[in-house]
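Trainee: Dropping the structure in here first, questions after.
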Amino acid sequence: MRFPRCSRALLAASSLLAVSSSVPVIGAWVAPAAYAEDQLSAKVGKPLQEAQSALGAKNYAKAMAAVDAADALPGKTEYEKYTIAQMRAAVAASSGDVAAASKAYDVLIASSRTPAAAKQQMLMANATMAYNAKDYAHAVPAIERYLKIAGPNAQMQALLVQAYYLQQDYKNAARVQQDQIDAEIKAKHVPSENQLQFLATCYHQMKDSANETHAYVLLAKFYSKPDYWAMLIHNLAADPQMPDALQFNLERLRMATGVLKDPSDYMDMVERAVQAGLPQLGLNLMDQAYASGALGKDAGAAREARLKAMVVKRVAETKASLAADADAARKMPNAAPSLTAGYNLVLNGQVDAGLALMREGLAKKPAAPEGAKLQYGMAQMDGGRKDDAVKTFADVHGDHGSADLAQLWTLLVTKPSK
């Protein structure tokens with residue numbers, strides 16, 4: 001009995017029923033010429049015709065029983081086995097039996113009778129069927145198998161991320177999403193906002209504050225919105241492992257992005273600058289706060305005035321000893337004196353000399369090298385060397401604040417003026 005028409009119809013039916021409307025379906029295809037004379041025997045053809053009729057009537061139990069009857073017959077040819085697998089896939093997919101459909105698809109995919117393009121579409125149909133049935137445990141390996149054989153596919157990669165997430169496997173969901181985002185950035189494309197939001201959500205579920213912050217850094221970079229700035233600064237501040245030395249930089253960032261509001265926070269920032277040996281920087285920031293109305297107009301105005309007077313005194317003392325401090329720093333084996341004295345030279349207009357002294361400090365192997373590089377970049381920025389600052393920030397690495405702060409300052413330095 002010749003049965004090619006039924007064979008092609010079954011394959012198309014199984015595909016249409018197995019995949020969602022958003023995934024390309026497997027169309028009918030013609031068997032390779034080498035199998036043109038393949039036929040079904042009457043004993044196999046009869047139950048398969050019964051199965052096809054029952055499938056059309058949506059009587060899936062009767063259809064599968066007929067397929068089982070055909071499969072139980074002895075002495076079947078390879079062509080008959082293949083056609084039975086086609087019908088089994090169609091019935092199983094129609095009835096939502098993911099396990100049975102997957103086994104039938106495996107037979108078809110492994111067969112040399114199936115063209116390569118059809119195999120890839122079957123792999124996609126198999127994976128999508130499992131996902132749509134919410135059988136995520138089967139969907140994940142099926143999608144990964146498709147991607148391994150067919151190569152990258154944005155739609156299937158998105159399903160893989162979601163399948164992991166819906167199983168609460170946030171670690172693998174983040175891994176796959178991060179890989180996609182990295183590939184987009186490497187190709188000089190902008191990752192979608194949804195991808196970045198989803199990555200942040202995964203890390204939030206994992207309570208991985210450092211990587212969640214990094215995701216918000218990317219959101220602020222590619223989709224600059226006030227909510228993203230506020231969230232990433234909040235996450236940076238909430239990181240218990242952020243070194244205390246970076247807190248001053250974080251407060252400066254809060255001020256630069258308009259997140260710093262409370263006068264006491266401004267006061268704390270200025271005091272940290274003085275404690276770091278940079279009173280001129282503290283005075284500069286305090287003057288900006290007065291100019292914006294953040295200081296001098298609240299109930300603590302008198303205290304703020306006293307603090308400013310103290311800072312002005314420290315500034316005068318530091319100016320008087322700039323040269324002596326620089327000479328002393330050069331003779332010291334540790335990095336901190338050269339970094340501080342150099343920064344003070346920059347803040348007092350001696351930009352080239354100050355940056356040169358800071359580079360000497362960087363060569364002395366600072367205890368916190370990434371933080372020291374960040375400080376050097378800030379001095380370049382404060383000295384008006386913004387392009388150089390951006391290059392320095394790009395070379396800042398490390399966890400718990402350094403790299404993220406450097407990226408954020410880069411965003412602010414390179415932000416187009418309105």
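We label chains A, B, ... in the order they appear in the structure tokens, count residues from 1 in each chain, and number ligands from 1 in the order shown.
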May I have all residues of region 96-183 of chain A that DSSP, computed from the backbone, assigns to helix (DSSP H, G or I), given as a VMD selection string?

Mentor: chain A and resid 98 to 110 116 to 132 136 to 150 154 to 166 170 to 183

Trainee: If we count only C-alpha atoms, what is near Pro74 (chain A) at a cut-off of 12 Å, once residues fewer than 4 positions away on the same chain are taken out, given as a ChimeraX atom specification?

Mentor: /A:41,43-44,69-70,78,80-81

Trainee: Tell me which protein, DNA and RNA residues are within 12 Å of Lys386 (chain A), counting only C-alpha atoms, leaving out same-chain ones fewer than 4 positions away, and put them as a ChimeraX atom specification.

Mentor: /A:376-382,390-393,409-415

Trainee: Would you compute the distance between CA of Pro366 (chain A) and CA of Leu322 (chain A)? Give it in Å to one decimal.

Mentor: 21.4 Å

Trainee: What lies within 12 Å of Leu219 (chain A) using only C-alpha atoms, ignoring chain neighbours under 4 positions off, as a list in words?

Mentor: Ile181, Val190, Pro191, Ser192, Glu193, Asn194, Gln195, Leu196, Gln197, Phe198, Leu199, Ala200, Glu212, Thr213, His214, Ala215, Tyr223, Ser224, Lys225, Pro226, Asp227, Tyr228, Trp229, Ala230, Met231, Leu232, Gln407, Leu408 and Leu411 of chain A

Trainee: Just the selected residues (N, CA and C atoms), exported as a PDB file, in the first residue's frame, please.

Mentor:
ATOM      1  N   ILE A 181      23.185  39.045  26.848  1.00  0.00           N
ATOM      2  CA  ILE A 181      23.491  40.470  26.952  1.00  0.00           C
ATOM      3  C   ILE A 181      24.942  40.738  26.570  1.00  0.00           C
ATOM      4  N   VAL A 190      22.639  47.268  21.336  1.00  0.00           N
ATOM      5  CA  VAL A 190      22.080  47.649  22.641  1.00  0.00           C
ATOM      6  C   VAL A 190      21.158  46.534  23.125  1.00  0.00           C
ATOM      7  N   PRO A 191      21.457  45.950  24.288  1.00  0.00           N
ATOM      8  CA  PRO A 191      20.554  44.904  24.824  1.00  0.00           C
ATOM      9  C   PRO A 191      19.168  45.500  25.057  1.00  0.00           C
ATOM     10  N   SER A 192      18.148  44.666  24.945  1.00  0.00           N
ATOM     11  CA  SER A 192      16.802  45.184  25.169  1.00  0.00           C
ATOM     12  C   SER A 192      16.618  45.515  26.644  1.00  0.00           C
ATOM     13  N   GLU A 193      15.748  46.472  26.887  1.00  0.00           N
ATOM     14  CA  GLU A 193      15.460  46.876  28.268  1.00  0.00           C
ATOM     15  C   GLU A 193      14.866  45.701  29.048  1.00  0.00           C
ATOM     16  N   ASN A 194      14.035  44.886  28.387  1.00  0.00           N
ATOM     17  CA  ASN A 194      13.441  43.723  29.047  1.00  0.00           C
ATOM     18  C   ASN A 194      14.511  42.727  29.489  1.00  0.00           C
ATOM     19  N   GLN A 195      15.519  42.507  28.642  1.00  0.00           N
ATOM     20  CA  GLN A 195      16.602  41.595  29.006  1.00  0.00           C
ATOM     21  C   GLN A 195      17.309  42.069  30.264  1.00  0.00           C
ATOM     22  N   LEU A 196      17.619  43.349  30.303  1.00  0.00           N
ATOM     23  CA  LEU A 196      18.346  43.903  31.444  1.00  0.00           C
ATOM     24  C   LEU A 196      17.488  43.889  32.709  1.00  0.00           C
ATOM     25  N   GLN A 197      16.207  44.208  32.560  1.00  0.00           N
ATOM     26  CA  GLN A 197      15.308  44.162  33.713  1.00  0.00           C
ATOM     27  C   GLN A 197      15.199  42.741  34.252  1.00  0.00           C
ATOM     28  N   PHE A 198      15.111  41.776  33.334  1.00  0.00           N
ATOM     29  CA  PHE A 198      14.992  40.382  33.741  1.00  0.00           C
ATOM     30  C   PHE A 198      16.259  39.925  34.457  1.00  0.00           C
ATOM     31  N   LEU A 199      17.415  40.365  33.961  1.00  0.00           N
ATOM     32  CA  LEU A 199      18.681  40.019  34.615  1.00  0.00           C
ATOM     33  C   LEU A 199      18.708  40.570  36.036  1.00  0.00           C
ATOM     34  N   ALA A 200      18.289  41.811  36.207  1.00  0.00           N
ATOM     35  CA  ALA A 200      18.242  42.413  37.541  1.00  0.00           C
ATOM     36  C   ALA A 200      17.306  41.633  38.456  1.00  0.00           C
ATOM     37  N   GLU A 212      23.200  42.431  40.934  1.00  0.00           N
ATOM     38  CA  GLU A 212      21.973  43.186  40.691  1.00  0.00           C
ATOM     39  C   GLU A 212      22.317  44.647  40.404  1.00  0.00           C
ATOM     40  N   THR A 213      23.257  45.173  41.171  1.00  0.00           N
ATOM     41  CA  THR A 213      23.699  46.545  40.944  1.00  0.00           C
ATOM     42  C   THR A 213      24.302  46.698  39.558  1.00  0.00           C
ATOM     43  N   HIS A 214      25.108  45.712  39.162  1.00  0.00           N
ATOM     44  CA  HIS A 214      25.717  45.771  37.834  1.00  0.00           C
ATOM     45  C   HIS A 214      24.642  45.791  36.743  1.00  0.00           C
ATOM     46  N   ALA A 215      23.568  45.048  36.944  1.00  0.00           N
ATOM     47  CA  ALA A 215      22.474  45.050  35.964  1.00  0.00           C
ATOM     48  C   ALA A 215      21.838  46.437  35.881  1.00  0.00           C
ATOM     49  N   TYR A 223      19.452  52.882  29.165  1.00  0.00           N
ATOM     50  CA  TYR A 223      18.096  53.414  29.290  1.00  0.00           C
ATOM     51  C   TYR A 223      18.049  54.320  30.515  1.00  0.00           C
ATOM     52  N   SER A 224      18.700  55.449  30.418  1.00  0.00           N
ATOM     53  CA  SER A 224      18.867  56.334  31.581  1.00  0.00           C
ATOM     54  C   SER A 224      17.513  56.862  32.059  1.00  0.00           C
ATOM     55  N   LYS A 225      17.083  56.333  33.201  1.00  0.00           N
ATOM     56  CA  LYS A 225      15.834  56.759  33.820  1.00  0.00           C
ATOM     57  C   LYS A 225      16.088  56.999  35.306  1.00  0.00           C
ATOM     58  N   PRO A 226      15.409  57.984  35.898  1.00  0.00           N
ATOM     59  CA  PRO A 226      15.627  58.277  37.320  1.00  0.00           C
ATOM     60  C   PRO A 226      15.464  57.062  38.229  1.00  0.00           C
ATOM     61  N   ASP A 227      14.500  56.214  37.918  1.00  0.00           N
ATOM     62  CA  ASP A 227      14.263  55.039  38.763  1.00  0.00           C
ATOM     63  C   ASP A 227      15.472  54.107  38.769  1.00  0.00           C
ATOM     64  N   TYR A 228      16.124  53.967  37.626  1.00  0.00           N
ATOM     65  CA  TYR A 228      17.291  53.087  37.553  1.00  0.00           C
ATOM     66  C   TYR A 228      18.462  53.669  38.347  1.00  0.00           C
ATOM     67  N   TRP A 229      18.659  54.988  38.237  1.00  0.00           N
ATOM     68  CA  TRP A 229      19.723  55.619  39.007  1.00  0.00           C
ATOM     69  C   TRP A 229      19.472  55.454  40.507  1.00  0.00           C
ATOM     70  N   ALA A 230      18.241  55.703  40.920  1.00  0.00           N
ATOM     71  CA  ALA A 230      17.919  55.596  42.344  1.00  0.00           C
ATOM     72  C   ALA A 230      18.110  54.168  42.839  1.00  0.00           C
ATOM     73  N   MET A 231      17.696  53.179  42.043  1.00  0.00           N
ATOM     74  CA  MET A 231      17.799  51.790  42.460  1.00  0.00           C
ATOM     75  C   MET A 231      19.253  51.337  42.545  1.00  0.00           C
ATOM     76  N   LEU A 232      20.048  51.682  41.550  1.00  0.00           N
ATOM     77  CA  LEU A 232      21.432  51.192  41.581  1.00  0.00           C
ATOM     78  C   LEU A 232      22.232  51.869  42.695  1.00  0.00           C
ATOM     79  N   GLN A 407      31.980  52.991  36.269  1.00  0.00           N
ATOM     80  CA  GLN A 407      31.074  53.010  35.120  1.00  0.00           C
ATOM     81  C   GLN A 407      30.051  54.137  35.233  1.00  0.00           C
ATOM     82  N   LEU A 408      29.571  54.358  36.447  1.00  0.00           N
ATOM     83  CA  LEU A 408      28.566  55.396  36.641  1.00  0.00           C
ATOM     84  C   LEU A 408      29.162  56.787  36.416  1.00  0.00           C
ATOM     85  N   LEU A 411      29.333  57.379  32.802  1.00  0.00           N
ATOM     86  CA  LEU A 411      28.042  57.782  32.247  1.00  0.00           C
ATOM     87  C   LEU A 411      27.788  59.268  32.462  1.00  0.00           C
TER      88      LEU A 411
END

Trainee: Skip Ile84 (chain A) itself and residues of its chain fewer than 2 positions away, then list as number ranges by chain all residues within 9 Å of it, counting only C-alpha atoms.

Mentor: A: 44, 48, 67-68, 70-71, 79-82, 86-89, 104

Trainee: Identify, on the basis of only C-alpha atoms, every residue whose closest approach to region 282-299 of chain A does not exceed 12 Å; exclude the query and any residue fewer than 5 positions from it along the same chain; express the result as a PyMOL selection string.

Mentor: chain A and resi 248-249+251-253+255-256+258-277+304-316+344+347-348+382

Trainee: Please, could you write that set of residues out with N, CA and C atoms as a compact mmCIF listing (two decimals), in the first residue's frame?

Mentor:
# COMPACT_ATOMS: atom_id res chain seq x y z
N PHE A 248 32.63 57.85 50.42
CA PHE A 248 32.70 59.26 50.03
C PHE A 248 32.40 59.40 48.54
N ASN A 249 32.96 58.51 47.73
CA ASN A 249 32.70 58.54 46.30
C ASN A 249 31.23 58.31 46.01
N GLU A 251 28.73 59.06 47.97
CA GLU A 251 27.98 60.27 48.34
C GLU A 251 28.12 61.34 47.25
N ARG A 252 29.30 61.43 46.67
CA ARG A 252 29.48 62.37 45.55
C ARG A 252 28.57 61.97 44.38
N LEU A 253 28.47 60.69 44.12
CA LEU A 253 27.60 60.21 43.05
C LEU A 253 26.14 60.55 43.34
N MET A 255 25.07 62.98 45.07
CA MET A 255 24.91 64.43 44.85
C MET A 255 24.83 64.75 43.37
N ALA A 256 25.68 64.12 42.57
CA ALA A 256 25.73 64.41 41.13
C ALA A 256 24.47 63.97 40.40
N GLY A 258 21.42 63.85 41.90
CA GLY A 258 20.24 64.43 42.53
C GLY A 258 19.57 63.56 43.56
N VAL A 259 20.24 62.47 43.95
CA VAL A 259 19.66 61.56 44.94
C VAL A 259 19.94 62.03 46.37
N LEU A 260 21.03 62.76 46.55
CA LEU A 260 21.38 63.27 47.88
C LEU A 260 20.45 64.42 48.22
N LYS A 261 19.69 64.31 49.28
CA LYS A 261 18.66 65.31 49.61
C LYS A 261 18.83 65.91 51.01
N ASP A 262 19.08 65.06 51.99
CA ASP A 262 19.09 65.51 53.38
C ASP A 262 20.35 66.34 53.67
N PRO A 263 20.20 67.52 54.30
CA PRO A 263 21.37 68.34 54.63
C PRO A 263 22.42 67.59 55.44
N SER A 264 21.95 66.67 56.31
CA SER A 264 22.91 65.92 57.11
C SER A 264 23.79 65.03 56.24
N ASP A 265 23.24 64.56 55.10
CA ASP A 265 24.04 63.76 54.18
C ASP A 265 25.11 64.61 53.51
N TYR A 266 24.76 65.85 53.18
CA TYR A 266 25.76 66.75 52.62
C TYR A 266 26.87 67.01 53.64
N MET A 267 26.47 67.21 54.87
CA MET A 267 27.45 67.46 55.94
C MET A 267 28.38 66.26 56.09
N ASP A 268 27.81 65.08 56.05
CA ASP A 268 28.61 63.86 56.18
C ASP A 268 29.61 63.76 55.03
N MET A 269 29.16 64.09 53.83
CA MET A 269 30.04 64.02 52.66
C MET A 269 31.21 64.99 52.81
N VAL A 270 30.94 66.20 53.25
CA VAL A 270 32.01 67.19 53.42
C VAL A 270 32.99 66.73 54.50
N GLU A 271 32.47 66.23 55.59
CA GLU A 271 33.33 65.75 56.67
C GLU A 271 34.22 64.60 56.19
N ARG A 272 33.68 63.72 55.35
CA ARG A 272 34.50 62.62 54.81
C ARG A 272 35.63 63.16 53.93
N ALA A 273 35.35 64.20 53.17
CA ALA A 273 36.39 64.80 52.34
C ALA A 273 37.52 65.35 53.19
N VAL A 274 37.17 66.02 54.27
CA VAL A 274 38.19 66.57 55.17
C VAL A 274 38.99 65.45 55.82
N GLN A 275 38.29 64.42 56.27
CA GLN A 275 38.97 63.28 56.90
C GLN A 275 39.91 62.58 55.92
N ALA A 276 39.59 62.62 54.65
CA ALA A 276 40.43 62.00 53.63
C ALA A 276 41.63 62.88 53.28
N GLY A 277 41.73 64.05 53.90
CA GLY A 277 42.84 64.95 53.63
C GLY A 277 42.63 65.81 52.40
N GLU A 304 25.95 74.27 59.89
CA GLU A 304 26.56 74.17 58.57
C GLU A 304 27.59 75.29 58.36
N ALA A 305 27.25 76.48 58.87
CA ALA A 305 28.18 77.60 58.76
C ALA A 305 29.45 77.33 59.55
N ARG A 306 29.31 76.73 60.74
CA ARG A 306 30.49 76.41 61.56
C ARG A 306 31.37 75.38 60.85
N LEU A 307 30.71 74.39 60.25
CA LEU A 307 31.49 73.39 59.52
C LEU A 307 32.24 74.04 58.36
N LYS A 308 31.58 74.95 57.65
CA LYS A 308 32.24 75.60 56.53
C LYS A 308 33.44 76.41 56.99
N ALA A 309 33.29 77.08 58.11
CA ALA A 309 34.42 77.86 58.64
C ALA A 309 35.60 76.95 58.95
N MET A 310 35.33 75.80 59.53
CA MET A 310 36.39 74.84 59.83
C MET A 310 37.06 74.34 58.56
N VAL A 311 36.23 74.07 57.53
CA VAL A 311 36.77 73.57 56.26
C VAL A 311 37.64 74.64 55.60
N VAL A 312 37.19 75.89 55.62
CA VAL A 312 37.97 76.98 55.03
C VAL A 312 39.33 77.09 55.71
N LYS A 313 39.37 76.91 57.03
CA LYS A 313 40.63 76.95 57.77
C LYS A 313 41.55 75.82 57.33
N ARG A 314 40.97 74.63 57.19
CA ARG A 314 41.78 73.47 56.75
C ARG A 314 42.31 73.69 55.33
N VAL A 315 41.49 74.31 54.50
CA VAL A 315 41.92 74.59 53.13
C VAL A 315 43.14 75.49 53.13
N ALA A 316 43.10 76.53 53.95
CA ALA A 316 44.23 77.46 54.02
C ALA A 316 45.48 76.75 54.52
N ASN A 344 45.50 67.04 46.06
CA ASN A 344 45.42 68.41 46.56
C ASN A 344 46.06 69.40 45.58
N LEU A 347 43.48 69.96 42.88
CA LEU A 347 42.38 70.79 43.35
C LEU A 347 42.79 72.26 43.49
N ASN A 348 44.08 72.50 43.58
CA ASN A 348 44.57 73.87 43.71
C ASN A 348 45.21 74.37 42.41
N ASP A 382 38.07 66.07 38.13
CA ASP A 382 38.02 67.35 38.84
C ASP A 382 39.02 68.35 38.26

Trainee: Rounded to one decimal in Å, what is the spacing between CA of Tyr146 (chain A) and CA of Leu108 (chain A)?

Mentor: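 For CA of Tyr146 (chain A) relative to CA of Leu108 (chain A), the distance reads 14.4 Å.
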
Trainee: Please list as a PDB file with N, CA, C and O atoms, in the first residue's frame every residue within 8 Å of Tyr170 (chain A), counting only C-alpha atoms and excluding residues in the same chain fewer than 4 positions away.

Mentor:
ATOM      1  N   TYR A 164      14.102  28.328  32.819  1.00  0.00           N
ATOM      2  CA  TYR A 164      14.909  28.251  34.042  1.00  0.00           C
ATOM      3  C   TYR A 164      14.257  29.056  35.165  1.00  0.00           C
ATOM      4  O   TYR A 164      14.134  28.591  36.306  1.00  0.00           O
ATOM      5  N   TYR A 165      13.829  30.264  34.843  1.00  0.00           N
ATOM      6  CA  TYR A 165      13.261  31.150  35.856  1.00  0.00           C
ATOM      7  C   TYR A 165      11.994  30.559  36.461  1.00  0.00           C
ATOM      8  O   TYR A 165      11.802  30.606  37.688  1.00  0.00           O
ATOM      9  N   ALA A 174      19.951  33.598  35.126  1.00  0.00           N
ATOM     10  CA  ALA A 174      20.845  34.757  35.052  1.00  0.00           C
ATOM     11  C   ALA A 174      22.028  34.477  34.132  1.00  0.00           C
ATOM     12  O   ALA A 174      22.450  35.346  33.358  1.00  0.00           O
ATOM     13  N   CYS A 202      16.524  38.419  38.246  1.00  0.00           N
ATOM     14  CA  CYS A 202      17.152  37.142  38.600  1.00  0.00           C
ATOM     15  C   CYS A 202      18.126  37.316  39.765  1.00  0.00           C
ATOM     16  O   CYS A 202      18.121  36.555  40.733  1.00  0.00           O
ATOM     17  N   TYR A 203      18.976  38.328  39.666  1.00  0.00           N
ATOM     18  CA  TYR A 203      19.963  38.556  40.722  1.00  0.00           C
ATOM     19  C   TYR A 203      19.288  38.983  42.032  1.00  0.00           C
ATOM     20  O   TYR A 203      19.754  38.647  43.121  1.00  0.00           O
ATOM     21  N   GLN A 205      16.359  37.903  43.016  1.00  0.00           N
ATOM     22  CA  GLN A 205      15.840  36.657  43.582  1.00  0.00           C
ATOM     23  C   GLN A 205      16.954  35.860  44.264  1.00  0.00           C
ATOM     24  O   GLN A 205      16.714  35.160  45.252  1.00  0.00           O
ATOM     25  N   MET A 206      18.172  35.974  43.742  1.00  0.00           N
ATOM     26  CA  MET A 206      19.319  35.257  44.308  1.00  0.00           C
ATOM     27  C   MET A 206      19.939  36.004  45.492  1.00  0.00           C
ATOM     28  O   MET A 206      20.866  35.514  46.123  1.00  0.00           O
TER      29      MET A 206
END

Trainee: Would you mind telling me which residue in A:Met332, A:Leu40, A:Met122, A:Val107 lies nearest to Gly75 (chain A) when using only C-alpha atoms?

Mentor: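 Ranking A:Met332, A:Leu40, A:Met122, A:Val107 by distance to Gly75 (chain A), first place goes to A:Leu40.
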
Trainee: Quick one: distance from CA of Val161 (chain A) to CA of Val176 (chain A) in Å, one decimal?

Mentor: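 Between CA of Val161 (chain A) and CA of Val176 (chain A) the gap is 6.1 Å.
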